[in-house]
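First up is the structure itself, then whatever we jot down about it.
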Amino acid sequence: MVDAARARKLADRIQQIVAEMLERRIKDPRLGFVTVTDTRVTADLRDATVFYTVFGSDAERADSAAALESAKGIIRSEVGRQTGVRFAPTLTFKHDPLPDSARHLDDLINAARARDAEVAKQAQTASYAGEADPYRKPDDEDFDTEAETGAEAGSQSLSGRDDQA
């Protein structure tokens with residue numbers, strides 16, 4: 001087992017080598033516009049997973065996957081030569097779903113913004129179903145009469161005590 005820093009450095013170097021190989025040396029016509037997004041290496045440096053995206057349709061993605069699988073041996077030998085490790089790691093190519101997920105989230109956010117704008121537009125011309133302030137407030141007249149009756153009740157009880165004393 002090696003430390004994580006060495007594995008990360010090797011993964012970064014493998015990512016650079018693979019991207020350069022796809023750009024300059026691999027001339028497969030099935031290979032579309034491929035971008036290497038990430039590379040992960042196991043702790044024993046024996047296996048490397050290369051994540052990639054393809055700009056285009058699902059058919060172009062499938063063709064690019066087939067081209068990467070056929071060029072795997074050439075790319076692995078070049079990785080072993082340029083990195084200088086004792087054993088060249090086995091390469092596995094996986095399509096990276098992250099850009100597709102991000103695009104889907106962007107679409108959802110844009111749809112929510114459009115709905116919010118529509119609600120705000122409707123709210124500008126809307127009016128209240130009842131009064132603007134739906135809470136009940138005591139009327140000034142009712143409040144004054146309750147205060148007077150309370151004061152009268154207090155004075156009667158005081159006068160009642162005086163009678164008893």
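Residues are referred to by chain and number: the chain letter is A, B, ... according to the order shown in the structure tokens, the number counts from 1 in that chain, and ligands are numbered separately from 1 in the order shown.
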Could you give me, as a PDB file with N, CA, C and O atoms, in the first residue's frame, the residues within 7 Å of Gln15 in chain A, counting only C-alpha atoms and dropping anything in the same chain fewer than 6 positions from it?
ATOM      1  N   VAL A  36     -11.310  13.816 -20.842  1.00  0.00           N
ATOM      2  CA  VAL A  36     -11.005  13.044 -19.643  1.00  0.00           C
ATOM      3  C   VAL A  36     -11.282  13.945 -18.447  1.00  0.00           C
ATOM      4  O   VAL A  36     -10.655  14.992 -18.289  1.00  0.00           O
ATOM      5  N   ASP A  38     -11.664  12.770 -14.944  1.00  0.00           N
ATOM      6  CA  ASP A  38     -11.059  12.385 -13.669  1.00  0.00           C
ATOM      7  C   ASP A  38     -10.402  11.026 -13.824  1.00  0.00           C
ATOM      8  O   ASP A  38     -10.755  10.244 -14.718  1.00  0.00           O
ATOM      9  N   THR A  39      -9.457  10.750 -12.940  1.00  0.00           N
ATOM     10  CA  THR A  39      -8.815   9.449 -12.896  1.00  0.00           C
ATOM     11  C   THR A  39      -8.635   9.065 -11.435  1.00  0.00           C
ATOM     12  O   THR A  39      -8.220   9.899 -10.621  1.00  0.00           O
TER      13      THR A  39
END
Give the strand (DSSP E) residues of chain A, as assigned by DSSP on the backbone, as a list in words.
->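 Selection result, strand (DSSP E) within chain A: Phe33, Val34, Thr35, Val36, Thr37, Asp38, Thr39, Arg40, Val41, Asp47, Ala48, Thr49, Val50, Phe51, Tyr52, Thr53, Val54, Phe55, Thr90, Leu91, Thr92, Phe93, Lys94 and His95 of chain A.
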Selected residue of minimal separation from Asp47 in chain A among A:Ala123, A:Ala11, A:Tyr128, A:Ala4, counting only C-alpha atoms |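 Residue with the minimum atom-to-atom distance to Asp47 in chain A: A:Ala11.
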Pick from A:Ala62, A:Ala43, A:Leu22, A:Ile17: nearest to Val2 in chain A, with only C-alpha atoms counted?
->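 Among the listed residues, A:Ala43 lies closest to Val2 in chain A.
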Determine which residues of range 39-95 of chain A receive a DSSP assignment of helix (DSSP H, G or I), computed from the backbone, and state them as a PyMOL selection string.
-> chain A and resi 58-70+72-83
Export C-alpha atoms of the chosen residues as a compact mmCIF listing (two decimals), in the first residue's frame?
# COMPACT_ATOMS: atom_id res chain seq x y z
CA ASP A 58 -25.71 8.31 -27.48
CA ALA A 59 -24.49 6.62 -30.67
CA GLU A 60 -21.31 8.73 -30.64
CA ARG A 61 -20.87 7.87 -26.96
CA ALA A 62 -21.11 4.15 -27.74
CA ASP A 63 -18.65 4.48 -30.65
CA SER A 64 -16.19 6.37 -28.46
CA ALA A 65 -16.47 3.70 -25.74
CA ALA A 66 -15.64 1.01 -28.31
CA ALA A 67 -12.68 3.04 -29.58
CA LEU A 68 -11.33 3.51 -26.04
CA GLU A 69 -11.63 -0.21 -25.33
CA SER A 70 -9.71 -1.07 -28.51
CA LYS A 72 -6.66 0.42 -24.06
CA GLY A 73 -3.48 -1.64 -24.60
CA ILE A 74 -1.60 1.15 -26.40
CA ILE A 75 -2.62 3.68 -23.79
CA ARG A 76 -1.63 1.36 -20.92
CA SER A 77 1.82 0.71 -22.36
CA GLU A 78 2.36 4.47 -22.79
CA VAL A 79 1.20 5.11 -19.21
CA GLY A 80 3.68 2.50 -17.96
CA ARG A 81 6.51 3.99 -20.02
CA GLN A 82 5.90 7.60 -18.98
CA THR A 83 5.18 7.02 -15.29
Pick from A:Val54, A:Leu45, A:Leu108, A:Ala7: nearest to Arg30 in chain A, with only C-alpha atoms counted?
->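 Checking each candidate against Arg30 in chain A, we get A:Val54 as the closest.
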Atomic distance CA of Gly32 in chain A - CA of Gly56 in chain A, expressed in Å with one decimal | 7.8 Å
May I ask for the distance between CA of Arg25 in chain A and CA of Lys9 in chain A, given in Å to one decimal place?
->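 Between CA of Arg25 in chain A and CA of Lys9 in chain A the gap works out to 23.1 Å.
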Using only C-alpha atoms: which of A:Val18, A:Tyr52, A:Arg8, A:Lys27 has the shortest distance to Arg40 in chain A |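 Smallest distance to Arg40 in chain A is found for A:Arg8.
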Rank A:Thr92, A:Phe33, A:Glu118, A:Val41 by their smallest atom-to-atom distance to Ala71 in chain A, using only C-alpha atoms, and report the top residue only.
-> A:Thr92
Residue with the minimum atom-to-atom distance to Thr90 in chain A, picked from A:Ala129, A:Leu10, A:Leu105, A:Ala48 with only C-alpha atoms counted, is A:Ala48
What is the CA of Phe55 in chain A to CA of Thr35 in chain A distance in Å?
->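 Between these atoms lies a distance of 8.2 Å.
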